[in-house]
Structures are given as structure tokens and as C-alpha cells.
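Report on one structure; see the data block that follows.
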Amino acid sequence: MSTIRVRAQEADGMVTVRALITHPMETGTRKDSAGELIAPHHIQVVNAEVGDTEVMTAYWNTTISRNPFFQFQFAGNKGDTLKLSWSDNKGESDSTDVTIG
Amino acid sequence: MTSNKRRVFLKGTLAAGTVGVAVGAGLLAPSQLLAAWPEPAFKARGFDESLNAALGTTELPDGDISITAPEIAENGMVVPVTVETGMGDVTEMALFVEKNGAPLTSKYVLGAGAVPMFATRIKMGESSDVIAAVKSGGTWYGARQEVKVTIGGCGG
């Protein structure tokens with residue numbers, strides 16, 4: 001199952017993207033029940049593309065909340081495909097395609 | 001049959017593990033994008049150091065920037081923030097929490113047709129000003145808003 005839930009909706013030529021990503025976003029300063037520090041684990045880059053065109057790139061620190069929410073807007077067309085992807089500090093990544101509605 | 005599947009599964013896990021180790025050791029770049037993550041800016045401690053590392057300046061003249069954030073956030077783990085600007089020719093935006101250990105929370109590079117706005121949720125360790133920076137016409141502008149935090153959200 002994708003870690004990304006995203007909706008992209010066009011109105012008057014503007015596409016509003018709302019995304020929720022499942023990710024722990026560990027800061028590296030939190031301790032587990034045994035008192036050991038939990039290693040940092042966080043998304044570093046989120047990228048949004050339509051075709052070969054990058055519309056938005058976000059760079060994130062550990063201080064973006066757990067299970068991040070991200071909303072942005074761009075000029076675009078209904079029916080186009082938006083590709084949203086992320087990669088984190090452990091080299092994990094995910095991506096999903098959504099049709100702009 | 002069952003054991004075959006199991007073997008394939010194990011092989012897959014092993015392969016993924018090896019790649020993970022290689023990435024961790026810096027032998028492989030996980031992606032082009034990751035290489036672009038501005039580590040010094042995100043690791044910088046202290047507000048001025050963070051501004052300098054992220055923006056190349058500590059001068060942030062007032063801009064036409066609106067920050068929507070709660071005046072009082074009960075939970076510092078999840079503070080919703082929206083940044084919008086009426087300024088033109090915007091290429092980048094950034095969001096800082098002055099009193100967080102590492103103040104830069106995020107930086108945004110606007111691509112073709114992007115509207116200069118974003119909304120996300122951030123962690124705040126304590127009550128602090130939240131600072132939005134917007135690069136318009138090649139110059140960084142800023143705005144700030146205070147957010148009082150009841151329960152801090154940076155663990156520790």
C-alpha cells in the first residue's frame with residue numbers, strides 16, 4: 001500500500017494538491033521505553049511533477065510533524081497526471097500518480 | 001511451492017538490505033534529489049546561523065507575506081502553518097521556528113506554474129516566533145508570527 005494519500009483538484013486553471021504521507025519523522029532526540037535514543041528517520045525531499053515538469057520541490061527537516069501533511073497549488077489542467085514522490089534519510093522512498101480531477 | 005516463495009522473499013529482503021547498507025555507507029546516492037537536500041542549513045543551530053546557511057543572509061525586509069498559524073498551539077508536535085504571499089517572481093520559500101534547536105523546518109523550490117503558497121504541520125519545542133521567508137525577484141523577504149505552545153513537541 002502506498003504511503004502517500006493525495007488529492008489534486010483543478011478549479012479555474014489552478015490545481016490544489018493535498019497530500020498526507022505515512023512516515024514516523026523521528027527527530028533523533030526521542031527516547032524509546034528502554035531510554036535509548038531513537039535514530040533520526042525523516043523525509044528529506046518531496047517532489048511533485050507533471051509530465052517532465054517539476055512543479056514543486058520541498059526539502060524537509062526532522063521538525064515536520066509525524067505523518068506529514070503538505071498542501072500546494074500550481075497552474076495546471078484537469079486530466080493531467082501528477083506524480084508525487086518522497087525520499088528519506090535512510091534511502092527509503094515512495095511515489096504515487098494521481099489524475100488531476 | 002511454499003519453500004520456493006519463501007526463498008524468493010528472502011532473496012528480495014537480502015537484496016534490499018544490501019542496498020540499504022550501501023546507501024548508509026554513502027556508496028550509493030539514493031537519488032539525485034537526496035543529494036540536493038541542503039544539510040548544513042537543516043543542521044544549523046541558532047536562528048542567525050540557520051538563516052545564513054539556508055538563505056545566505058540574515059537580513060529579511062518585511063514582505064507581503066501572510067502566515068496562518070494558531071496563536072496558541074496546545075500540542076507542539078503538530079502545529080499547522082500556511083504561508084502565502086502576494087509578491088511576484090517567487091522562486092523559493094522557507095519556514096523557520098526561531099527557538100527550535102534547528103530552526104529551519106522546510107524549504108520549498110517553486111517549479112513551473114507554482115503558486116507561492118504552502119501548508120504543512122510542524123513541530124515546535126516551545127513558544128516561539130515562526131518566520132516565513134520568501135525569495136521574490138532574487139531578494140529574500142520575511143514575516144513572523146508568535147505561536148504559544150502549551151506542550152512542547154521535540155521529544156527529549
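Each chain in the C-alpha cells gets a letter, A, B and so on, in the order shown; residues start at 1 in every chain, and ligands are counted from 1 in the order they appear.
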Each residue of chain B lying at most 6 Å from chain A should get a row with its shortest atom-to-atom pair and the distance in Å to one decimal, counting only C-alpha atoms; could you produce that, ordered by chain and increasing number, as JSON lines?
```
{"residue": "B:Pro30", "atom": "CA", "partner": "A:Gly91", "partner_atom": "CA", "distance": 5.3}
{"residue": "B:Val78", "atom": "CA", "partner": "A:Ser65", "partner_atom": "CA", "distance": 5.7}
{"residue": "B:Thr105", "atom": "CA", "partner": "A:Asn61", "partner_atom": "CA", "distance": 5.1}
{"residue": "B:Ser106", "atom": "CA", "partner": "A:Trp60", "partner_atom": "CA", "distance": 4.5}
{"residue": "B:Lys107", "atom": "CA", "partner": "A:Tyr59", "partner_atom": "CA", "distance": 5.1}
{"residue": "B:Tyr108", "atom": "CA", "partner": "A:Ala58", "partner_atom": "CA", "distance": 4.5}
{"residue": "B:Val109", "atom": "CA", "partner": "A:Thr57", "partner_atom": "CA", "distance": 5.1}
{"residue": "B:Leu110", "atom": "CA", "partner": "A:Met56", "partner_atom": "CA", "distance": 4.9}
{"residue": "B:Gly111", "atom": "CA", "partner": "A:Val55", "partner_atom": "CA", "distance": 4.0}
{"residue": "B:Ala112", "atom": "CA", "partner": "A:Val55", "partner_atom": "CA", "distance": 5.1}
{"residue": "B:Gly113", "atom": "CA", "partner": "A:Ala75", "partner_atom": "CA", "distance": 4.9}
{"residue": "B:Ala114", "atom": "CA", "partner": "A:Phe74", "partner_atom": "CA", "distance": 4.0}
{"residue": "B:Val115", "atom": "CA", "partner": "A:Phe74", "partner_atom": "CA", "distance": 5.1}
{"residue": "B:Phe118", "atom": "CA", "partner": "A:Phe72", "partner_atom": "CA", "distance": 4.8}
{"residue": "B:Ala119", "atom": "CA", "partner": "A:Gln71", "partner_atom": "CA", "distance": 4.9}
{"residue": "B:Thr120", "atom": "CA", "partner": "A:Phe70", "partner_atom": "CA", "distance": 4.8}
{"residue": "B:Arg121", "atom": "CA", "partner": "A:Ser65", "partner_atom": "CA", "distance": 5.5}
{"residue": "B:Ile122", "atom": "CA", "partner": "A:Ile64", "partner_atom": "CA", "distance": 4.4}
{"residue": "B:Lys123", "atom": "CA", "partner": "A:Thr63", "partner_atom": "CA", "distance": 5.0}
{"residue": "B:Gly155", "atom": "CA", "partner": "A:Arg30", "partner_atom": "CA", "distance": 4.8}
{"residue": "B:Gly156", "atom": "CA", "partner": "A:Arg30", "partner_atom": "CA", "distance": 4.8}
```
Would you output that residue set with N, CA and C atoms, as a short mmCIF file (atom, residue, chain, number, x, y, z; two decimals), in the first residue's frame?
```cif
data_model
loop_
_atom_site.label_atom_id
_atom_site.label_comp_id
_atom_site.auth_asym_id
_atom_site.auth_seq_id
_atom_site.Cartn_x
_atom_site.Cartn_y
_atom_site.Cartn_z
N PRO B 30 21.15 7.74 -3.00
CA PRO B 30 19.79 7.20 -3.09
C PRO B 30 19.03 7.79 -4.26
N VAL B 78 2.29 19.04 16.58
CA VAL B 78 1.52 19.24 15.36
C VAL B 78 0.98 20.67 15.33
N THR B 105 12.68 24.52 9.33
CA THR B 105 11.80 23.35 9.26
C THR B 105 11.73 22.81 7.84
N SER B 106 11.74 23.72 6.87
CA SER B 106 11.50 23.28 5.50
C SER B 106 11.82 24.40 4.52
N LYS B 107 12.13 23.97 3.31
CA LYS B 107 12.43 24.92 2.25
C LYS B 107 11.74 24.43 0.98
N TYR B 108 11.22 25.35 0.19
CA TYR B 108 10.40 24.99 -0.97
C TYR B 108 10.96 25.66 -2.22
N VAL B 109 11.14 24.88 -3.27
CA VAL B 109 11.58 25.42 -4.55
C VAL B 109 10.39 25.33 -5.50
N LEU B 110 9.95 26.50 -5.99
CA LEU B 110 8.76 26.55 -6.83
C LEU B 110 9.13 26.25 -8.27
N GLY B 111 8.38 25.34 -8.88
CA GLY B 111 8.61 24.99 -10.28
C GLY B 111 7.65 25.76 -11.18
N ALA B 112 7.52 25.25 -12.41
CA ALA B 112 6.69 25.91 -13.41
C ALA B 112 5.25 26.03 -12.95
N GLY B 113 4.72 27.25 -12.92
CA GLY B 113 3.32 27.47 -12.63
C GLY B 113 2.94 27.39 -11.16
N ALA B 114 3.93 27.17 -10.28
CA ALA B 114 3.60 27.02 -8.85
C ALA B 114 3.12 28.34 -8.25
N VAL B 115 2.07 28.25 -7.45
CA VAL B 115 1.56 29.41 -6.72
C VAL B 115 2.42 29.56 -5.46
N PHE B 118 2.21 27.45 0.60
CA PHE B 118 2.27 26.05 1.03
C PHE B 118 1.63 25.94 2.40
N ALA B 119 1.19 24.76 2.73
CA ALA B 119 0.68 24.49 4.08
C ALA B 119 1.26 23.17 4.54
N THR B 120 1.67 23.12 5.79
CA THR B 120 2.17 21.88 6.36
C THR B 120 1.96 21.92 7.87
N ARG B 121 2.46 20.91 8.56
CA ARG B 121 2.36 20.87 10.02
C ARG B 121 3.76 20.69 10.57
N ILE B 122 4.11 21.49 11.57
CA ILE B 122 5.48 21.47 12.08
C ILE B 122 5.52 21.16 13.58
N LYS B 123 6.73 20.81 14.05
CA LYS B 123 6.96 20.59 15.48
C LYS B 123 7.60 21.83 16.07
N GLY B 155 10.36 16.11 21.61
CA GLY B 155 10.83 14.92 22.31
C GLY B 155 11.89 15.25 23.33
N GLY B 156 12.77 14.29 23.61
CA GLY B 156 13.87 14.53 24.54
C GLY B 156 13.41 14.40 25.95
#
```
Quick check for you: according to DSSP on this backbone, which residues of region 56-98 of chain A are classed as strand (DSSP E)? Reply as a JSON list (two decimals) with N, CA and C atoms, in the first residue's frame.
```json
[["chain", "number", "residue", "atom", "x", "y", "z"],
["A", 56, "MET", "N", 6.86, 21.51, -7.92],
["A", 56, "MET", "CA", 7.18, 21.88, -6.53],
["A", 56, "MET", "C", 8.17, 20.87, -5.95],
["A", 57, "THR", "N", 9.20, 21.38, -5.27],
["A", 57, "THR", "CA", 10.11, 20.51, -4.53],
["A", 57, "THR", "C", 10.19, 21.04, -3.10],
["A", 58, "ALA", "N", 9.95, 20.17, -2.15],
["A", 58, "ALA", "CA", 10.04, 20.55, -0.74],
["A", 58, "ALA", "C", 11.20, 19.82, -0.10],
["A", 59, "TYR", "N", 12.00, 20.54, 0.69],
["A", 59, "TYR", "CA", 13.08, 19.95, 1.48],
["A", 59, "TYR", "C", 12.66, 20.04, 2.94],
["A", 60, "TRP", "N", 12.66, 18.92, 3.63],
["A", 60, "TRP", "CA", 12.11, 18.89, 4.99],
["A", 60, "TRP", "C", 13.16, 18.51, 6.02],
["A", 69, "PHE", "N", 1.58, 16.41, 6.45],
["A", 69, "PHE", "CA", 0.56, 16.99, 5.58],
["A", 69, "PHE", "C", 1.25, 18.05, 4.74],
["A", 70, "PHE", "N", 0.89, 18.11, 3.47],
["A", 70, "PHE", "CA", 1.51, 19.08, 2.57],
["A", 70, "PHE", "C", 0.48, 19.52, 1.55],
["A", 71, "GLN", "N", 0.27, 20.83, 1.49],
["A", 71, "GLN", "CA", -0.65, 21.40, 0.51],
["A", 71, "GLN", "C", 0.08, 22.45, -0.31],
["A", 72, "PHE", "N", -0.16, 22.44, -1.62],
["A", 72, "PHE", "CA", 0.40, 23.47, -2.50],
["A", 72, "PHE", "C", -0.49, 23.61, -3.73],
["A", 73, "GLN", "N", -0.18, 24.63, -4.54],
["A", 73, "GLN", "CA", -1.02, 24.91, -5.71],
["A", 73, "GLN", "C", -0.15, 25.23, -6.92],
["A", 74, "PHE", "N", -0.65, 24.90, -8.08],
["A", 74, "PHE", "CA", 0.04, 25.30, -9.31],
["A", 74, "PHE", "C", -0.97, 25.42, -10.45],
["A", 75, "ALA", "N", -0.57, 26.12, -11.52],
["A", 75, "ALA", "CA", -1.41, 26.26, -12.70],
["A", 75, "ALA", "C", -1.35, 24.96, -13.48],
["A", 81, "THR", "N", -1.66, 14.03, -15.20],
["A", 81, "THR", "CA", -1.22, 13.16, -14.11],
["A", 81, "THR", "C", -0.15, 13.86, -13.28],
["A", 82, "LEU", "N", -0.38, 13.92, -11.99],
["A", 82, "LEU", "CA", 0.60, 14.48, -11.05],
["A", 82, "LEU", "C", 1.33, 13.31, -10.39],
["A", 83, "LYS", "N", 2.65, 13.39, -10.40],
["A", 83, "LYS", "CA", 3.45, 12.36, -9.72],
["A", 83, "LYS", "C", 4.05, 12.98, -8.46],
["A", 84, "LEU", "N", 3.75, 12.37, -7.32],
["A", 84, "LEU", "CA", 4.28, 12.86, -6.06],
["A", 84, "LEU", "C", 5.21, 11.80, -5.47],
["A", 85, "SER", "N", 6.41, 12.20, -5.09],
["A", 85, "SER", "CA", 7.36, 11.23, -4.54],
["A", 85, "SER", "C", 8.11, 11.82, -3.35],
["A", 86, "TRP", "N", 8.59, 10.92, -2.48],
["A", 86, "TRP", "CA", 9.41, 11.37, -1.35],
["A", 86, "TRP", "C", 10.60, 10.44, -1.19],
["A", 87, "SER", "N", 11.65, 10.94, -0.55],
["A", 87, "SER", "CA", 12.77, 10.09, -0.17],
["A", 87, "SER", "C", 13.26, 10.54, 1.20],
["A", 88, "ASP", "N", 13.76, 9.59, 2.00],
["A", 88, "ASP", "CA", 14.14, 9.95, 3.37],
["A", 88, "ASP", "C", 15.63, 9.71, 3.62],
["A", 93, "SER", "N", 12.05, 5.38, -0.13],
["A", 93, "SER", "CA", 11.29, 6.33, -0.94],
["A", 93, "SER", "C", 9.96, 5.70, -1.36],
["A", 94, "ASP", "N", 9.09, 6.56, -1.86],
["A", 94, "ASP", "CA", 7.82, 6.08, -2.41],
["A", 94, "ASP", "C", 7.33, 7.13, -3.39],
["A", 95, "SER", "N", 6.47, 6.71, -4.28],
["A", 95, "SER", "CA", 5.87, 7.69, -5.19],
["A", 95, "SER", "C", 4.49, 7.19, -5.61],
["A", 96, "THR", "N", 3.67, 8.12, -6.01],
["A", 96, "THR", "CA", 2.33, 7.76, -6.47],
["A", 96, "THR", "C", 1.89, 8.72, -7.56],
["A", 97, "ASP", "N", 1.03, 8.22, -8.45],
["A", 97, "ASP", "CA", 0.47, 9.05, -9.51],
["A", 97, "ASP", "C", -0.99, 9.33, -9.20],
["A", 98, "VAL", "N", -1.42, 10.55, -9.46],
["A", 98, "VAL", "CA", -2.82, 10.88, -9.26],
["A", 98, "VAL", "C", -3.30, 11.70, -10.46]]
```
### Task
Name all residues at most 6 Å from region 128-138 of chain B (count only C-alpha atoms; drop same-chain ones fewer than 6 positions away) and give them as a PyMOL selection string.
chain B and resi 89-99+144-147
Those selected residues, please, written with C-alpha atoms and delivered as a PDB file, in the first residue's frame.
```
ATOM      1  CA  ASP B  89       8.512  36.343  -9.196  1.00  0.00           C
ATOM      2  CA  VAL B  90       8.785  33.979  -6.233  1.00  0.00           C
ATOM      3  CA  THR B  91      11.306  31.174  -6.677  1.00  0.00           C
ATOM      4  CA  GLU B  92      11.802  29.838  -3.134  1.00  0.00           C
ATOM      5  CA  MET B  93      10.137  29.864   0.273  1.00  0.00           C
ATOM      6  CA  ALA B  94      11.293  28.716   3.708  1.00  0.00           C
ATOM      7  CA  LEU B  95       9.839  28.302   7.190  1.00  0.00           C
ATOM      8  CA  PHE B  96      11.749  28.738  10.459  1.00  0.00           C
ATOM      9  CA  VAL B  97      10.934  28.325  14.150  1.00  0.00           C
ATOM     10  CA  GLU B  98      13.226  30.793  15.925  1.00  0.00           C
ATOM     11  CA  LYS B  99      13.591  28.814  19.172  1.00  0.00           C
ATOM     12  CA  ARG B 144       6.899  36.483  11.618  1.00  0.00           C
ATOM     13  CA  GLN B 145       4.125  35.398  13.943  1.00  0.00           C
ATOM     14  CA  GLU B 146       4.243  34.295  17.545  1.00  0.00           C
ATOM     15  CA  VAL B 147       2.883  30.865  18.438  1.00  0.00           C
TER      16      VAL B 147
END
```
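We find CA of Leu51 (chain B) and CA of Ala73 (chain B) to be spaced 24.1 Å apart.
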